[in-house]
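Colleague: The structure is given below, and queries will be raised subsequently.
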Amino acid sequence: MIKKEQSLIKQLLPHAIALVVFIAITLIYFSPVLDGKVIRQHDVVQYKGAAQELQEYYKNEGESSAWTGSMFSGMPAYQIGIPGGSPNFLNYLEIPLRIFGGDSGGPVFVGMLMAYILFCIMGFSPVVSILGAIGYSLSSYNIIILDAGHITKAWTLAYLPLIVGGIMTLFKNKILLAGFLVALGLALQIKNNHLQITYYTGLFCAILFIKYAIDKLREKDIKTLLKASAAMVTALVLAAACNTGNIYANLEMARESTRGKSELSTPSASEKQSSGLDKDYAFAWSYGKAETLTLMIPNVYGGASGGTLDRESHLYKELVKYGAQVDPKGVQTYTYWGDQPVTSGPVYFGAVICFLFILGMIVIRSNIKWWLLGATILFIFLSWGKNMDWFNSLFFYHFPLYNKFRTVSMALVIPALSMLMIALLGLKEFLSKEMDAKKLKKALYISLGIAGGICLFFWIAPGFFFNFVADADQAWKADTPDWYYKALVADRKDLLSSDAFRSLIFILLAGGVLLFSLKSKIEAGKMALYASAIIVVLVLADLWSVDKRYLNDSRFVSKSTYKAETFSPSTADKIILEDKHPSYRVLNLNNPFNESNTSYFHKSVGGYHAAKLKRYQELIEHKLDKDIMTVIGSFRSQNIDTIMASFATTDGLNMLNAKYIVYSPEQAPLVNPYAFGNAWCVSDIKMVNNADEEIAAINDRNIDLKKTAVIDNRFADDIEGRTIQPDSTAAIEMTSYKPNVVAYKSKTAKEQIAVFSEIYFSDGWQAYIDGKEAPHFRADWTLRAMVVPAGEHEIVFKFEPKAYQLSRNVATASSGLMILMLIGMIIWSFRKKETE
């Protein structure tokens with residue numbers, strides 16, 4: 001460690017070198033970005049489609065909207081991203097951190113930087129801290145999620161080590177620094193809005209806090225414990241205050257989205273009658289117990305779904321033998337055979353890191369290793385989901401908020417750090433040589449025996465435990481010849497064997513370095529430096545080579561190609577865009593509820609989002625899916641009259657004003673003549689007592705939704721005493737549309753009940769008639785309705801979520817305070833250093 005009497009330059013030099021190393025790694029790995037290329041990222045494409053209307057609105061009119069009409073017939077934009085509005089000053093703090101790309105190298109660089117800070121706080125040398133930074137940020141999961149486009153997850157993970165660093169500083173008599181690190185790290189993490197990662201972070205930090213609190217209680221140092229607790233509470237409050245907008249939005253959507261409780265007594269397939277998600281849905285992506293071996297041997301289960309086998313593979317040779325046309329680069333096929341529905345790649349911590357983890361569990365003398373091991377085991381159990389149902393059901397049903405999250409395999413992000421912490425503590429202990437040399441040698445041999453022995457076994461006998469057959473194979477196996485499947489199984493076996501050998505080599509090399517350091521006569525401090533530096537190279541080479549399997553130069557394309565592949569208007573889009581009416585909706589029959597390209601150009605009935613409104617999802621599953629299948633079925637007739645006639649029966653689509661139906665993007669869309677339009681007056685109402693009766697009524701073929709409004713009894717006061725008098729001359733016309741302001745002109749001879757083809761959302765939408773606020777209510781499960789007085793009137797709906805706006809203002813003030821605190825601490829630190 002650097003001594004206090006050293007000059008400031010000498011103290012900063014090792015950290016400057018570390019910074020240069022991180023920059024070099026980022027620039028080399030993501031070098032295509034320097035050529036103006038971008039990564040093909042599925043979720044980024046989906047986000048851009050979802051956010052386009054809001055971005056254009058802000059760009060063209062300078063106004064911010066918390067509602068979008070471009071997806072699912074309209075939904076809050078809280079989880080999409082709202083340009084403009086009251087600023088969060090943490091955004092400005094992140095500008096220099098995102099210099100290497102917000103959706104490419106940025107989170108990798110910041111992850112290394114934050115992990116480096118954590119490991120320096122833990123007392124490691126700069127070289128060992130660099131090792132830990134690389135081991136954390138280049139862990140395969142952190143790279144694979146970038147390829148998939150899970151950008152908010154990547155940034156949230158990047159700040160995780162900073163929060164842990166703050167926790168580990170709390171009990172070192174550096175209360176102000178610790179509290180600020182926790183507050184800053186958590187504020188940045190929450191701002192990037194991946195609550196599941198923040199939830200796991202909180203659980204891990206709670207374990208560490210309890211460990212240190214117990215230590216202080218044993219030492220009877222109550223004063224330090226109280227100070228640490230006060231600093232922790234203050235930090236949590238400040239971090240939350242900096243993100244009140246996000247927190248409010250998440251709480252709102254937790255109630256209103258598919259993560260909330262259904263009102264139906266028999267919920268739909270994607271829900272359950274509880275306060276959260278359906279357990280089967282939440283546990284769908286559960287890591288297999290044996291699959292956990294991928295932490296040390298990446299291809300235990302074949303790598304990614306749709307992996308590529310090279311020219312030397314059994315399958316490639318068999319395809320050539322049978323005269324099949326094969327890409328010279330390899331054959332893409334079902335290499336993955338694990339329990340998850342699909343996967344972009346394995347969670348791989350690194351063979352060297354896993355070896356050092358085992359070594360650490362033997363040589364570390366501090367009891368922190370047991371707490372870190374306990375955390376590791378807990379989160380591995382959580383990642384197993386349905387594969388350890390008895391344990392995870394307890395969490396799902398009884399642990400606060402846990403049932404709001406899905407993809408439980410994500411829990412492995414914590415072992416990626418906790419195992420690394422043990423590995424580095426073990427390396428430090430080993431290289432310090434404070435233990436007896438014989439004990440260190442014995443520990444080294446045991447670690448090599450366990451880690452290397454596992455790899456050796458699977459290299460020599462990969463088929464001893466595994467048959468390399470997946471249940472999911474049955475879905476396609478029957479359509480392929482036997483020789484194809486046999487060759488694939490043989491390749492799966494080879495993938496495990498070759499990666500086991502690969503991991504064995506890295507483990508033996510790392511073990512050889514440590515053995516040499518033990519026997520060397522070189523001065524201990526220098527030997528520790530040399531050994532650490534060599535292991536840095538081994539870990540970098542190990543992780544780099546696996547990461548490049550999933551995110552390599554082939555995944556980068558030019559920006560022009562990227563735009564042409566994603567957001568070039570199709571023939572159907574161009575025809576639809578000629579319609580200059582303020583608002584109508586488009587139904588893309590090609591997987592409508594899992595794509596947002598349609599939303600990029602139009603107001604879509606469908607969309608892509610994990611937190612769509614709960615009632616809309618129920619409308620999809622109870623009504624729209626049937627309507628869509630009716631339309632698709634009519635195309636089989638190849639008779640245009642039959643197809644057009646099918647639209648008359650799809651009143652779910654009609655009430656959503658699905659004017660254009662796209663069957664093929666490169667063909668002209670069909671115009672639905674039966675769409676109800678933007679608003680209509682009804683001649684009758686059907687009152688229902690509950691959600692079950694309401695969903696049944698809108699599916700009742702005897703009820704014409706164009707003439708009858710289905711209304712829940714909870715809104716009875718809004719129409720009490722009203723007598724509907726049919727008026728054949730009544731007309732309501734939309735006059736202007738903005739995402740958060742929709743205006744109509746009504747002309748009726750008598751008072752009417754009007755239904756508007758806009759999604760009802762009670763917390764934010766306000767209705768005005770001739771400038772005066774007027775009540776509105778819900779009809780037909782998801783739509784807005786109101787009593788319209790006789791005569792000519794202007795009706796305006798405005799989305800004005802006052803609580804959300806207030807929360808944004810609080811976040812602005814709090815984040816400004818956070819920035820001032822950061823500036824103050826930097827100035828104070830330098831002045832203190834000058835004084836010393």
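Each chain in the structure tokens gets a letter, A, B and so on, in the order shown; residues start at 1 in every chain, and ligands are counted from 1 in the order they appear.
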Give me, as a PyMOL selection string, all polymer residues having an atom no more than 7 Å from Ser383 in chain A, counting only C-alpha atoms and skipping those fewer than 3 positions away in the same chain.
Modeller: chain A and resi 286-287+379-380+408-412
Colleague: Please identify all polymer residues within 10 Å of range 245-254 of chain A, counting only C-alpha atoms, omitting same-chain residues fewer than 2 positions from it, and present them as a PyMOL selection string.
Modeller: chain A and resi 66+76-79+81+86+88+190-193+195+240-243+256-261+275-276+401+404+611-614+763+803-812
Colleague: What is the CA of Ser634 in chain A to CA of Leu670 in chain A distance in Å?
Modeller: 12.7 Å
Colleague: Please extract the residues of range 614-805 of chain A with a backbone DSSP assignment of alpha helix (DSSP H) and present them as a VMD selection string.
Modeller: chain A and resid 614 to 619 625 to 635 640 to 646 651 to 655 691 to 698 716 to 719 802 to 805
Colleague: Fewer than 2 positions away in the same chain doesn't count, so skip those; otherwise give me all residues within 6 Å of range 328-343 of chain A, counting only C-alpha atoms, as number ranges by chain.
Modeller: A: 285, 288, 301-311, 345, 470
Colleague: What would the file look like if the residues just selected were written as a short mmCIF file (atom, residue, chain, number, x, y, z; two decimals), in the first residue's frame with N, CA, C and O atoms?
Modeller:
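Okay, selection.cif is ready:
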```
data_model
loop_
_atom_site.label_atom_id
_atom_site.label_comp_id
_atom_site.auth_asym_id
_atom_site.auth_seq_id
_atom_site.Cartn_x
_atom_site.Cartn_y
_atom_site.Cartn_z
N TRP A 285 -37.34 -18.61 -16.18
CA TRP A 285 -35.90 -18.61 -16.42
C TRP A 285 -35.19 -18.95 -15.11
O TRP A 285 -34.67 -18.09 -14.42
N GLY A 288 -30.41 -24.11 -13.91
CA GLY A 288 -30.36 -25.50 -13.47
C GLY A 288 -29.31 -25.70 -12.39
O GLY A 288 -28.30 -24.99 -12.36
N TYR A 301 -23.53 -26.62 -20.64
CA TYR A 301 -24.84 -26.87 -21.24
C TYR A 301 -24.94 -26.30 -22.66
O TYR A 301 -26.02 -25.94 -23.12
N GLY A 302 -23.83 -26.21 -23.34
CA GLY A 302 -23.88 -25.89 -24.76
C GLY A 302 -23.81 -24.42 -25.12
O GLY A 302 -23.92 -24.08 -26.29
N GLY A 303 -23.68 -23.54 -24.13
CA GLY A 303 -23.57 -22.11 -24.44
C GLY A 303 -24.91 -21.45 -24.65
O GLY A 303 -25.82 -21.55 -23.84
N ALA A 304 -25.07 -20.79 -25.79
CA ALA A 304 -26.28 -20.02 -26.07
C ALA A 304 -27.26 -20.84 -26.89
O ALA A 304 -26.89 -21.75 -27.62
N SER A 305 -28.54 -20.51 -26.77
CA SER A 305 -29.54 -21.06 -27.67
C SER A 305 -29.20 -20.57 -29.08
O SER A 305 -28.93 -19.39 -29.28
N GLY A 306 -29.25 -21.47 -30.03
CA GLY A 306 -28.87 -21.06 -31.37
C GLY A 306 -27.38 -20.81 -31.50
O GLY A 306 -26.95 -19.91 -32.22
N GLY A 307 -26.57 -21.62 -30.81
CA GLY A 307 -25.12 -21.49 -30.90
C GLY A 307 -24.60 -21.95 -32.26
O GLY A 307 -25.31 -22.60 -33.03
N THR A 308 -23.35 -21.62 -32.53
CA THR A 308 -22.75 -21.97 -33.82
C THR A 308 -21.67 -23.03 -33.63
O THR A 308 -20.80 -22.88 -32.77
N LEU A 309 -21.74 -24.08 -34.44
CA LEU A 309 -20.73 -25.14 -34.44
C LEU A 309 -19.82 -24.94 -35.65
O LEU A 309 -20.28 -24.66 -36.76
N ASP A 310 -18.53 -25.09 -35.43
CA ASP A 310 -17.56 -24.80 -36.50
C ASP A 310 -17.43 -25.97 -37.48
O ASP A 310 -18.11 -27.00 -37.37
N ARG A 311 -16.50 -25.81 -38.42
CA ARG A 311 -16.33 -26.78 -39.50
C ARG A 311 -15.81 -28.13 -38.99
O ARG A 311 -15.93 -29.15 -39.69
N GLY A 345 -26.48 -16.99 -23.45
CA GLY A 345 -25.16 -17.48 -23.09
C GLY A 345 -25.10 -17.81 -21.61
O GLY A 345 -25.98 -17.44 -20.83
N ALA A 470 -32.21 -32.46 -24.14
CA ALA A 470 -33.09 -31.50 -23.47
C ALA A 470 -34.55 -31.83 -23.74
O ALA A 470 -34.88 -32.34 -24.82
#
```
Colleague: List as a PyMOL selection string the protein and nucleic acid residues near range 223-235 of chain A, meaning an atom at most 10 Å away when only C-alpha atoms are counted, but skip any in the same chain fewer than 2 places from it.
Modeller: chain A and resi 166-167+169-187+209+212-217+220-221+237-241
Colleague: Which residue, A:Ala284, A:Ala528, A:Ile80, A:Val127, has the smallest gap to His194 in chain A when you use only C-alpha atoms?
Modeller: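 Ranked by minimum distance to His194 in chain A, first place goes to A:Ile80.
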Colleague: Pick from A:Ile695, A:Ile640, A:Met168, A:Val755: nearest to Gly677 in chain A, with only C-alpha atoms counted?
Modeller: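 Closest to Gly677 in chain A, using only C-alpha atoms: A:Val755.
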Colleague: Please run DSSP on the backbone and report, as a PyMOL selection string, all residues within range 288-377 of chain A that come out as strand (DSSP E).
Modeller: chain A and resi 307-309+331-333
Colleague: Quick one: pull the distance between CA of Gly771 in chain A and CA of Ala679 in chain A, Å, one decimal.
Modeller: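 These two atoms are separated by 19.2 Å.
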Colleague: Counting only C-alpha atoms, figure out which residue out of A:Ser129, A:Thr294, A:Asn672, A:Ser762 gets nearest to Leu19 in chain A.
Modeller: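 Checking each candidate against Leu19 in chain A, we get A:Ser129 as the closest.
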Colleague: What are the closest atom pairs, with distances in Å to one decimal, for all residues of range 235-297 of chain A lying within 12 Å of range 529-548 of chain A? Consider only C-alpha atoms, order rows by chain and residue number, and present the result as JSON lines.
Modeller:
```
{"residue": "A:Thr294", "atom": "CA", "partner": "A:Val546", "partner_atom": "CA", "distance": 11.4}
{"residue": "A:Leu295", "atom": "CA", "partner": "A:Leu543", "partner_atom": "CA", "distance": 11.2}
{"residue": "A:Met296", "atom": "CA", "partner": "A:Asp542", "partner_atom": "CA", "distance": 10.6}
{"residue": "A:Ile297", "atom": "CA", "partner": "A:Val546", "partner_atom": "CA", "distance": 10.2}
```
Colleague: Show which residues sit within 8 Å of Asp780 in chain A, as an MDAnalysis selection string. Count only C-alpha atoms, and ignore same-chain residues fewer than 4 positions away.
Modeller: chainID A and resid 694 698 705 709:711
Colleague: Mind pulling up the distance from CA of Thr407 in chain A to CA of Pro462 in chain A?
Modeller: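 Between CA of Pro462 in chain A and CA of Thr407 in chain A the gap is 28.4 Å.
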